[in-house]
Amino acid sequence: MRARILLLIGLLSACSTSDKPENLIPEDKMITLLEEVHIAENQVNNLHMGSADSALVVYKGLEKEIFKKYSIDTAIYHASFKYYVARPEQFKAMYEKVVKDLEAKNERYLKKQRTSKPDSTKKPI
């Protein structure tokens, strides 16, 4: 996963411009979007779809919902992503926050799962 991200960063930074997009997504909102995009990717991966085309269709639907939720479009997202990728130190700091937030969300989810399991020692009434 990290190798894919680093490769993507390298490719995008090689062909990026330093111009700030007109509708640049603020850093904090971009971090939230990146978190949601990664959660959507994980959801699609967990579906274990036989076809990459089917998985892509499902992912694109989830991505569209995320963009609608935050009132942005694909062009604004990609322009902002390209802008941040062209600034490796800033992008690295952003992704460190993304990873930290996703790890915290995962820990809360696992804790909730552990506490919501029924007690098998209790007898039903």
# chains A, B, ... in the order shown; residues from 1 in each chain; ligands from 1

call {"tool": "closest_atom_pairs", "arguments": {"of": "region 26-61 of chain A", "to": "region 77-80 of chain A", "cutoff": "9 Å", "atoms": "only C-alpha atoms", "output": "CSV"}}
result
residue,atom,partner,partner_atom,distance
A:Pro26,CA,A:Ser80,CA,8.6
A:Met30,CA,A:Ser80,CA,8.0
A:Leu33,CA,A:Tyr77,CA,8.8

call {"tool": "residues_around", "arguments": {"residues": "Phe81 (chain A)", "least_positions_apart": "5", "cutoff": "10 Å", "atoms": "only C-alpha atoms", "output": "ChimeraX atom specification"}}
result
/A:9,12,24-25,30,34,75-76,86,91

call {"tool": "closest_residue", "arguments": {"among": "A:Tyr70, A:Ile39, A:Val85, A:Asp19", "to": "Val99 (chain A)", "atoms": "only C-alpha atoms"}}
result
A:Ile39

call {"tool": "closest_residue", "arguments": {"among": "A:Thr32, A:Tyr109, A:Asn23, A:Asn46", "to": "Tyr95 (chain A)", "atoms": "only C-alpha atoms"}}
result
A:Thr32

call {"tool": "residues_around", "arguments": {"residues": "Val58 (chain A)", "least_positions_apart": "6", "cutoff": "12 Å", "atoms": "only C-alpha atoms", "output": "list in words"}}
result
Ala40, Glu41, Asn42, Gln43, Val44, Asn45, Asn46, Leu47, His48, Met49, Ser51, Ala52, Lys64 and Glu65 of chain A

call {"tool": "atom_distance", "arguments": {"atom1": "CA of Arg114 (chain A)", "atom2": "CA of Leu102 (chain A)"}}
result
18.3 Å

call {"tool": "closest_residue", "arguments": {"among": "A:Asp73, A:Asp28, A:Glu22, A:Glu35", "to": "Lys105 (chain A)", "atoms": "only C-alpha atoms"}}
result
A:Glu35
